[in-house]
Amino acid sequence: MFAANTRATIVERLRRPISQRLVYFGLVPLLVLLTLLAPPVGLIDRWRYRDYTRIDQRGGQIQGNGVTLQIPAGTVNNPTYLRLSQTANLPAALPGGYEQVGAFTEIQTSGTAGSPAVINISLANPTQPVNQQDLYAWEGAQWKFLPNRVENNQLVAEMGTLPPGLILLHSSKGQLQVSSNLAAGQEIPPATAQRISQVYVNSLVLDGEEGSVTSTRGGAANGTGSPKGLLASTNVVNGVVRSDWLNNILTKDDWRNTHVKALAAQITNNNAAGLAIDYRQVDPALRQQFTTFAQDLAQALHTQQKSLALILPPSQVGRDGRLDSGGYDWAKLGEVADQIVLRTPDSPTSFAPGGAVETMLNEAVRLVDRRKLSLMLRIGGQDISGAAATEKVLFKAFQEALAPALNVAIKTPSDLVAGKNVELDLPGFGSATLKYDPAAQTYFFTYTDTGQQKHTVWLEDAASLGTHLALASNYHLAGVFITGLLDAGSDPRAWDVVQAFLNAAQPPALPNQMAIRWTIVDEQGKPVLQATRGPEAAAFSWQTNLPGNYLVRADLSTDGGLTVSNQGQSLKLNVLAPTSTPTATPSPTSTPTNTPTPLPSNTPTPTPKPTNTAAPTALANTGGGTVQGAVTATPVPAPVAAAPPPRVLGGGVDYGVQADMMSDGNHGRILGAVQQLGFHWVKQQVEWKRYEPNKGQYDFGALDTLVSNANAAGIRVMFSVVKAPRWARPGDTDFSVEGPPANPQDYGDFMSALASHFSGRVGAYEIWNEQNLWYEWGGQGGRISPRAYIELLKRAYVAVKNADPNAVVISGALTPTGVNDGSIAMDDRSYLEQMYQLGLANFCDAVGAHPSGFNNPPDADWQTWSDPAASGFKGHPSFFFRGTMEGYRNIMAVYGDSRKKIWVTEFGWATVDHLGVGPAHGYEYAATNTEQKQADWLVKAFQMAQNWGWVGTMFVWNLNFAPVSGAADEKAAFGLVRSDWSHRPAFDALANMAK
């Protein structure tokens, strides 16, 4: 029926006129054909792309074999055809360190190219850890890591353009590269050079906000067999994070360009292998600007064939529960940098399983190619103090971190008699010695400092380092960056762990076996006993058998007592002979007087010289005493002499002046002037080289006269002891300037002789003078060294205290110069901080200071003060009396030493007013100071110190250098008298000042 009707219709239309036949049988079919062939859904395209998915402005999605590709709406202007296909054939060899997990997914496109897309790939092998799987794109010529995230067992990546293909890979474990930092003054020990792949040399800091940088030490030239050296640049200036300087550089194109050029020039000039950027607290609003800076810097370095490393802070958990990296775009920075080093959170418990470190690494390997990633680890100690909001974290070497804890004390000093038990303690540990935290996988202890601030000290030893290395290895990272690895005071087993890790790519499982090893030697250095105690208790009991002098020391062992990792301070014990018991006389008549048995005097024992004593087979039976517990028969190193803890000095401000009583022998006139001033102290510099021309040959005759005259006048004396003799100086020193000895013990020996000779007659000793200045410390070229000075101070402190316990020991006052190049001078605040980090608090009774006022009033605020009539020497705390004093006080408080006082061993204001000469070179500011200003400002400084309450004796600089040196000498401008001994206004103002 249908066929019959169709034939009838066709026949009927064929009978119509030709025009109608052309419409029905020509035009209509042509229009239909054109419609089928015309875009966007032409018949040819439909046939050609019959296996493709069409995507238009509405977006779309395509799926296949566990892969989902989404094109967002509005990203495609013209229709695009997409097809996903999977093949076992790879376009090129895989990136090194990877194995194929799934098939290679080809993305075939037609139409608009370069469309943004979101791709979801199911994790093909759930038995392999997600944190070891990565997504890579084939870009036609190379493989490229794709940043991604994990959602519902899928890797999700957002791509700006569609690549030709994608593949899911599983990373394999390789040999991690070990890097470390190299601080100023440190060198790489030859024995360790082969174990480190590279070092970051702490050498560059921001210098203002316009983009310039300052070099703080020599560069990192690469030698044969040496690790690769990268210069490290930071915005931490004198302990302060200068985020303001950095943010200004980032927001100004010309400053940013200047900064990039300055950094690139430093790399070229120092022949370094590259640059490590450690810029902290980038404003999150400047996230893109920091990325642009990194891109520009990478381009500048890569042009020189140099590498760029970025040290990034740990991310924080945001309000949405996801990690927030703040001003650092990890994914984009990972594309431009050659290395990314991730800092770990400060809290040691962050390494707990499932803790902050693992959370951070789970995020990091999704955003950055793990072949560029290194994890920052630490070896040493971590001292945490303060409330959560104001918490202060200090990273220290092992020896320094343990210093508060390994100081032995006597619990029963009255029982130091042969035959009785001596109860010893480590009060720095509090109620328990060391506690093990299973979450942090390391030990910690707590102590309270002299300012009643509670501290918690975490100890990162070789065992905990091994667990952290294992974590980095499990994530198949490129390497680890271990800070403190080159510090002399680190756990010696750390290198063994590193070496084993390098050999097997897996650290050995070291047991956590911290212990306290007690050692007692006699006065000849002969071992009496050793005993090892577990970390659970700090007390120790020793039964004495024989009278005599002994040294007792508690050392930390990290291997259960087999070896000593960190040596404690020795305590001297004088064990007395028992007193004879009187016998009753039966005669009722005259009863004889019972004369007590003479007891040995408690005099200082000289430090025993080291001896190569063979290890005894049974130390417990040597006659010196017995102890319950394990006894380790190992050689005992010669002990270091001990001294009592620093005194807490009472009283308020006292008054002194520095004079030259050696060049001017008229002591009566000098001391009379001191009495007129109403002052109680006089300071005299003692040039060591004058009084010990040869080792052990002392001549104190001239000093004897000075001290005797001062004592007779009721004036107390302070000696400031400087200038090593030529025989004691290092062979490579600059003999054109003064400097310290090669062996700090030589200075300690001189101080012992000096303090013994003047015991009870000299009230205080200042240990050196302005040691942060090149011509006081042996010349330029990086000789300035807080560590070397502390070694000098330790020996001097022990020597003085053993000779004269009542004498006050003051740390050598630093000079505020405003210079911090490490060669000419080191900034006094930075130097003081390092002194504290090296144990300053334990080796001085007072902190010395030289708060010079230059041309600024004593109460002026360095941050705001300006004076058009006295320009220059502004904008830096070094040029202000108040800035120096308050800056030092803040540092002391930070390090828990706020009970200690500052002794101002030199201060004053220079003026050439009424001297009849111009200012000396370098002291031009003295022309803007008047004699009246000098008088007013000296008085005001004393008044401020009186109100502060934390200042001890203050010595005005100076009394009589104008008569001694002449008016043209720069020292004369500071004097209280003129060349003819006439009083300047300051003399009379100080004499009339309320005290």
# chains A, B, ... in the order shown; residues from 1 in each chain; ligands from 1
$ residues_around --residues "Gln684 (chain A)" --least-positions-apart "5" --cutoff "8 Å" --atoms "only C-alpha atoms" --output "count of residues only"
8
$ residues_around --residues "region 952-965 of chain A" --least-positions-apart "3" --cutoff "9 Å" --atoms "only C-alpha atoms" --output "number ranges by chain"
A: 649-661, 663-664, 670, 673-674, 681-683, 846, 901-909, 938, 942, 945, 949, 968-981, 987
$ residues_around --residues "Tyr797 (chain A)" --least-positions-apart "4" --cutoff "10 Å" --atoms "only C-alpha atoms" --output "PyMOL selection string"
chain A and resi 642-644+646+748+751-752+765-767+792-793+801-803+805+808-811+842-845
$ closest_residue --among "A:Val282, A:Ala478, A:Ala788, A:Val498" --to "Val241 (chain A)" --atoms "only C-alpha atoms"
A:Val282
$ residues_around --residues "Gln198 (chain A)" --least-positions-apart "6" --cutoff "7 Å" --atoms "only C-alpha atoms" --output "ChimeraX atom specification"
/A:179-180,227-229
$ write_last_selection --atoms "all heavy atoms" --output "short mmCIF file (atom, residue, chain, number, x, y, z; two decimals), in the first residue's frame"
data_model
loop_
_atom_site.label_atom_id
_atom_site.label_comp_id
_atom_site.auth_asym_id
_atom_site.auth_seq_id
_atom_site.Cartn_x
_atom_site.Cartn_y
_atom_site.Cartn_z
N SER A 179 72.19 17.45 51.70
CA SER A 179 72.69 18.82 51.69
C SER A 179 72.71 19.34 53.12
O SER A 179 72.04 18.81 54.01
CB SER A 179 71.80 19.73 50.83
OG SER A 179 71.64 19.22 49.54
N SER A 180 73.50 20.40 53.34
CA SER A 180 73.54 21.03 54.65
C SER A 180 73.90 22.50 54.48
O SER A 180 74.22 22.95 53.37
CB SER A 180 74.56 20.34 55.57
OG SER A 180 74.44 20.84 56.90
N PRO A 227 81.64 19.39 47.76
CA PRO A 227 80.24 19.44 47.37
C PRO A 227 79.92 20.73 46.65
O PRO A 227 80.60 21.74 46.79
CB PRO A 227 79.51 19.35 48.72
CG PRO A 227 80.50 19.82 49.72
CD PRO A 227 81.84 19.43 49.20
N LYS A 228 78.86 20.68 45.86
CA LYS A 228 78.43 21.86 45.13
C LYS A 228 78.02 22.95 46.11
O LYS A 228 77.33 22.68 47.08
CB LYS A 228 77.26 21.47 44.22
CG LYS A 228 76.74 22.62 43.36
CD LYS A 228 75.77 22.11 42.31
CE LYS A 228 74.53 21.51 42.93
NZ LYS A 228 73.53 21.15 41.91
N GLY A 229 78.45 24.17 45.85
CA GLY A 229 78.16 25.27 46.77
C GLY A 229 77.17 26.25 46.19
O GLY A 229 77.38 26.80 45.10
#
$ residues_around --residues "Trp865 (chain A)" --least-positions-apart "6" --cutoff "12 Å" --atoms "only C-alpha atoms" --output "number ranges by chain"
A: 855-859, 871-877, 879-880, 882-883
$ residues_around --residues "region 820-824 of chain A" --least-positions-apart "4" --cutoff "9 Å" --atoms "only C-alpha atoms" --output "PyMOL selection string"
chain A and resi 184+214-217+772-775+779-785+828+830
$ write_last_selection --atoms "C-alpha atoms" --output "PDB file, in the first residue's frame"
ATOM      1  CA  ALA A 184      79.925  32.015  58.738  1.00  0.00           C
ATOM      2  CA  THR A 214      75.205  42.422  51.263  1.00  0.00           C
ATOM      3  CA  SER A 215      77.706  39.571  51.362  1.00  0.00           C
ATOM      4  CA  THR A 216      78.493  38.405  54.898  1.00  0.00           C
ATOM      5  CA  ARG A 217      81.280  35.949  54.050  1.00  0.00           C
ATOM      6  CA  ASN A 772      83.687  42.421  67.223  1.00  0.00           C
ATOM      7  CA  LEU A 773      86.089  44.935  65.622  1.00  0.00           C
ATOM      8  CA  TRP A 774      88.872  43.880  63.273  1.00  0.00           C
ATOM      9  CA  TYR A 775      91.764  45.772  64.851  1.00  0.00           C
ATOM     10  CA  GLY A 779      92.828  41.810  61.483  1.00  0.00           C
ATOM     11  CA  GLN A 780      90.396  41.612  58.595  1.00  0.00           C
ATOM     12  CA  GLY A 781      89.463  38.682  56.404  1.00  0.00           C
ATOM     13  CA  GLY A 782      86.708  37.086  58.467  1.00  0.00           C
ATOM     14  CA  ARG A 783      88.732  36.552  61.652  1.00  0.00           C
ATOM     15  CA  ILE A 784      85.982  37.963  63.877  1.00  0.00           C
ATOM     16  CA  SER A 785      84.455  34.987  65.671  1.00  0.00           C
ATOM     17  CA  ASP A 828      77.110  44.042  68.103  1.00  0.00           C
ATOM     18  CA  SER A 830      74.228  39.744  66.168  1.00  0.00           C
TER      19      SER A 830
END
$ residues_around --residues "Asp437 (chain A)" --least-positions-apart "3" --cutoff "10 Å" --atoms "only C-alpha atoms" --output "VMD selection string"
chain A and resid 348 to 349 352 434 440 to 444 458
$ write_last_selection --atoms "N, CA, C and O atoms" --output "tab-separated table (two decimals), in the first residue's frame"
chain	number	residue	atom	x	y	z
A	348	PRO	N	58.55	19.53	67.33
A	348	PRO	CA	59.09	18.20	67.04
A	348	PRO	C	58.00	17.14	66.91
A	348	PRO	O	58.20	16.14	66.22
A	349	THR	N	56.85	17.34	67.55
A	349	THR	CA	55.77	16.36	67.47
A	349	THR	C	55.12	16.34	66.09
A	349	THR	O	54.30	15.47	65.82
A	352	ALA	N	55.17	13.05	64.10
A	352	ALA	CA	54.40	11.88	64.50
A	352	ALA	C	53.67	11.29	63.29
A	352	ALA	O	53.32	12.01	62.35
A	434	LEU	N	65.70	12.99	81.34
A	434	LEU	CA	65.22	13.05	79.97
A	434	LEU	C	63.94	12.24	79.85
A	434	LEU	O	63.81	11.17	80.44
A	440	ALA	N	57.09	12.26	68.86
A	440	ALA	CA	58.21	12.96	68.24
A	440	ALA	C	59.39	12.03	67.98
A	440	ALA	O	60.30	12.38	67.24
A	441	GLN	N	59.39	10.86	68.63
A	441	GLN	CA	60.44	9.86	68.50
A	441	GLN	C	61.80	10.41	68.91
A	441	GLN	O	62.83	10.12	68.29
A	442	THR	N	61.80	11.19	69.97
A	442	THR	CA	63.05	11.74	70.49
A	442	THR	C	62.85	12.15	71.94
A	442	THR	O	61.75	12.07	72.49
A	443	TYR	N	63.94	12.61	72.58
A	443	TYR	CA	63.94	12.98	73.98
A	443	TYR	C	63.78	14.48	74.14
A	443	TYR	O	64.10	15.28	73.24
A	444	PHE	N	63.32	14.86	75.33
A	444	PHE	CA	63.25	16.27	75.68
A	444	PHE	C	63.45	16.42	77.18
A	444	PHE	O	63.33	15.47	77.95
A	458	TRP	N	64.18	20.07	73.05
A	458	TRP	CA	64.06	18.81	72.33
A	458	TRP	C	65.41	18.47	71.72
A	458	TRP	O	66.09	19.34	71.17
$ atom_distance --atom1 "CA of Gly966 (chain A)" --atom2 "CA of Tyr925 (chain A)"
19.1 Å
